[in-house]
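Heads up: the structure comes next, in structure tokens.
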Amino acid sequence: MTHVVLVHGLWVDGSSWEPVTIGLQEAGHEVTAVQLPLSSLADDIATVRRALAQIQGPVVLAGHSYGGMVITGAASGSSDVVGLVYVAAVAPDEGEAAGEILGRFAPSDGLQNVVADAEGYATLKREVFPELFAGDVPLTKARAMAAAQGPAAPACLSTPSGPPAWKSLPSTYVFCEQDRTVAPEAQKWMAERIGADVVVAQASHAVAVSQPSVVVDAILSRISAA
């Protein structure tokens with residue numbers, strides 16, 4: 001049995017994986033959905049590595065959005081991680097920061113509606129969250145997601161990645177063609193660069209909520225191929 005560790009991104013928390021968690025559990029797999037502090041990339045990687053230390057046996061790591069930065073670092077050097085799944089996620093090479101990668105492309109509608117407080121902690125404007133982050137999620141659910149979002153420290157977006165695990169591990173990329181938060185052209189470029197198996201979804205950035213079966217199937221395929 002393969003254990004799956006799910007890593008959320010910015011402006012959601014571990015509960016955003018609930019439909020995927022249920023699907024994987026029903027398929028017979030153990031699942032851990034971590035809660036990132038979003039205080040820095042280093043802190044978030046350390047959180048995932050603590051979770052990995054509690055698991056015996058093979059692990060597949062799945063990361064959504066900024067969570068791709070986290071799994072790229074957390075899996076590096078791990079002998080237990082057998083595969084990676086990037087879900088509309090940032091997949092950096094060594095020395096690249098999330099903000100720098102996304103800045104290579106025209107800014108998405110979502111990124112243009114990020115606001116920061118006096119200390120630089122960023123959130124997505126609640127009033128546009130349903131439309132720009134979760135456009136195919138029922139409105140009541142999308143509003144609840146917006147209300148639960150935690151602010152992300154500047155270091156999450158500005159800290160460069162270390163050695164990338166995707167260079168030594170097989171990966172899958174769930175590419176969301178209707179994403180208005182991480183631009184589809186950025187996703188396509190990253191998926192091709194890392195040589196991932198690509199799953200195309202007609203989905204918003206919140207694909208794990210709106211179309212969880214797509215994400216579950218991508219993870220199960222990665223497990224089967226490991």
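Letters A, B, ... go to the chains of the structure tokens in the order shown; residues in each chain start at 1; ligands are counted from 1 in the same order.
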Mind running region 4-111 of chain A against region 147-160 of chain A at 8 Å and telling me each contacting residue's nearest atom pair with the distance in Å (one decimal), counting only C-alpha atoms, chain and number ascending, as CSV?
```
residue,atom,partner,partner_atom,distance
A:Leu10,CA,A:Ala152,CA,6.6
A:Trp11,CA,A:Gln149,CA,4.4
A:Val12,CA,A:Gln149,CA,4.8
A:Asp13,CA,A:Gln149,CA,6.8
A:Leu38,CA,A:Ala152,CA,5.1
A:Ser39,CA,A:Ala153,CA,5.1
A:Ser40,CA,A:Cys156,CA,4.8
A:Leu41,CA,A:Cys156,CA,4.8
A:Glu94,CA,A:Pro160,CA,7.1
A:Gly95,CA,A:Pro160,CA,4.7
A:Glu96,CA,A:Pro160,CA,4.6
A:Ala97,CA,A:Pro160,CA,4.1
A:Ala98,CA,A:Leu157,CA,5.0
A:Gly99,CA,A:Leu157,CA,4.9
A:Glu100,CA,A:Ser158,CA,7.4
```
Practice item. Apply DSSP to the structure's backbone, then extract all residues of chain A labelled alpha helix (DSSP H) and return them as a VMD selection string. Key: chain A and resid 18 to 26 41 to 53 67 to 74 98 to 102 129 to 132 139 to 148 154 to 158 184 to 193 207 to 210 212 to 225
Taking a cut-off of 12 Å and counting only C-alpha atoms, can you build a table that, for each residue of region 144-226 of chain A near region 23-32 of chain A, reports the nearest atom pair and how far apart they are in Å (one decimal), sorted by chain then residue number, as CSV?
```
residue,atom,partner,partner_atom,distance
A:Ala208,CA,A:Gly23,CA,10.8
A:Val209,CA,A:Gly23,CA,11.7
A:Gln211,CA,A:Gly23,CA,11.3
A:Pro212,CA,A:Gly23,CA,7.8
A:Ser213,CA,A:Gly23,CA,7.3
A:Val214,CA,A:Gly23,CA,10.4
A:Val215,CA,A:Gly23,CA,9.3
A:Val216,CA,A:Gly23,CA,6.3
A:Asp217,CA,A:Leu24,CA,8.9
A:Ala218,CA,A:Leu24,CA,10.8
A:Ile219,CA,A:Leu24,CA,8.4
A:Leu220,CA,A:Leu24,CA,7.9
A:Ser221,CA,A:Leu24,CA,11.6
A:Ile223,CA,A:His29,CA,10.0
```
Study note, to complete from the structure: For Gly68 (chain A), the closest of A:Glu119, A:Leu6, A:Asp43, A:Thr140 counting only C-alpha atoms is A:Leu6
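Minimum distance to Leu84 (chain A) across A:Trp166, A:Phe133, A:Tyr66, A:Trp17 (counting only C-alpha atoms) occurs at A:Trp166.
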**Study point:** Residue neighbourhood Val81 (chain A), 8 Å, only C-alpha atoms, exclusion window fewer than 2 positions, as an NGL selection string
**Key:** :A and (58-61 or 75 or 78-79 or 83-84)
Review point. If we count only C-alpha atoms, what is near region 168-170 of chain A at a cut-off of 10 Å, once residues fewer than 3 positions away on the same chain are taken out, given as an MDAnalysis selection string?
Key: chainID A and resid 72 75:77 81:85 164:165 194:197 222 225:226
Check your understanding: Taking the backbone alone, and naming residues the way the document does, which bits of region 56-212 of chain A are strand (DSSP E) by DSSP, as an MDAnalysis selection string?
Key -> chainID A and resid 59:64 81:87 114:116 122:124 171:176 197:201
Keeping only C-alpha atoms, write the selected residues as a PDB file, in the first residue's frame.
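Below is the file part03.pdb, written as the result:
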```
ATOM      1  CA  VAL A  59       4.895   7.621  -0.509  1.00  0.00           C
ATOM      2  CA  VAL A  60       3.485   9.685  -3.354  1.00  0.00           C
ATOM      3  CA  LEU A  61       3.526  13.434  -2.734  1.00  0.00           C
ATOM      4  CA  ALA A  62       0.877  15.627  -4.353  1.00  0.00           C
ATOM      5  CA  GLY A  63       1.068  19.417  -4.278  1.00  0.00           C
ATOM      6  CA  HIS A  64      -1.463  22.011  -5.384  1.00  0.00           C
ATOM      7  CA  VAL A  81       8.982   9.125  -1.969  1.00  0.00           C
ATOM      8  CA  VAL A  82       8.351   7.209  -5.199  1.00  0.00           C
ATOM      9  CA  GLY A  83       6.457   9.794  -7.235  1.00  0.00           C
ATOM     10  CA  LEU A  84       5.184  13.360  -7.457  1.00  0.00           C
ATOM     11  CA  VAL A  85       1.863  14.791  -8.597  1.00  0.00           C
ATOM     12  CA  TYR A  86       1.660  18.503  -9.404  1.00  0.00           C
ATOM     13  CA  VAL A  87      -1.897  19.854  -9.420  1.00  0.00           C
ATOM     14  CA  VAL A 114      -3.776  39.478  -4.390  1.00  0.00           C
ATOM     15  CA  VAL A 115      -3.531  41.971  -1.535  1.00  0.00           C
ATOM     16  CA  ALA A 116      -0.928  42.245   1.196  1.00  0.00           C
ATOM     17  CA  ALA A 122      -0.798  38.006   1.095  1.00  0.00           C
ATOM     18  CA  THR A 123      -4.382  36.893   0.542  1.00  0.00           C
ATOM     19  CA  LEU A 124      -6.709  36.789  -2.436  1.00  0.00           C
ATOM     20  CA  SER A 171       5.930  12.989 -11.961  1.00  0.00           C
ATOM     21  CA  THR A 172       2.411  13.691 -13.157  1.00  0.00           C
ATOM     22  CA  TYR A 173       0.996  17.153 -13.848  1.00  0.00           C
ATOM     23  CA  VAL A 174      -2.721  17.961 -13.680  1.00  0.00           C
ATOM     24  CA  PHE A 175      -3.075  20.855 -16.102  1.00  0.00           C
ATOM     25  CA  CYS A 176      -6.149  23.055 -15.587  1.00  0.00           C
ATOM     26  CA  ASP A 197       2.825  12.736 -17.574  1.00  0.00           C
ATOM     27  CA  VAL A 198       0.100  15.304 -18.254  1.00  0.00           C
ATOM     28  CA  VAL A 199      -3.572  15.057 -17.301  1.00  0.00           C
ATOM     29  CA  VAL A 200      -5.701  17.792 -18.850  1.00  0.00           C
ATOM     30  CA  ALA A 201      -8.678  19.043 -16.847  1.00  0.00           C
TER      31      ALA A 201
END
```
Check your understanding: In terms of the shortest atom-to-atom distance over only C-alpha atoms, which of A:Ser161, A:Ala191, A:His205, A:Ile55 is closest to Val70 (chain A)?
Key ->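 Under the stated criterion, the closest residue is A:Ser161.
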Point to revise | Proximity to Leu139 (chain A) - best of A:Gln178, A:Gly73, A:Met190, A:Ser210, only C-alpha atoms | key: A:Ser210
Practice item. Using only C-alpha atoms, determine which residues lie at most 10 Å from Val128 (chain A), disregarding the query and same-chain residues fewer than 2 positions distant; provide the list as a list of chain:residue names. Key: A:Asp109, A:Gly110, A:Asn113, A:Val114, A:Leu124, A:Lys125, A:Arg126, A:Pro130, A:Glu131, A:Leu132, A:Phe133, A:Ala134, A:Gly135, A:Arg143, A:Ala146
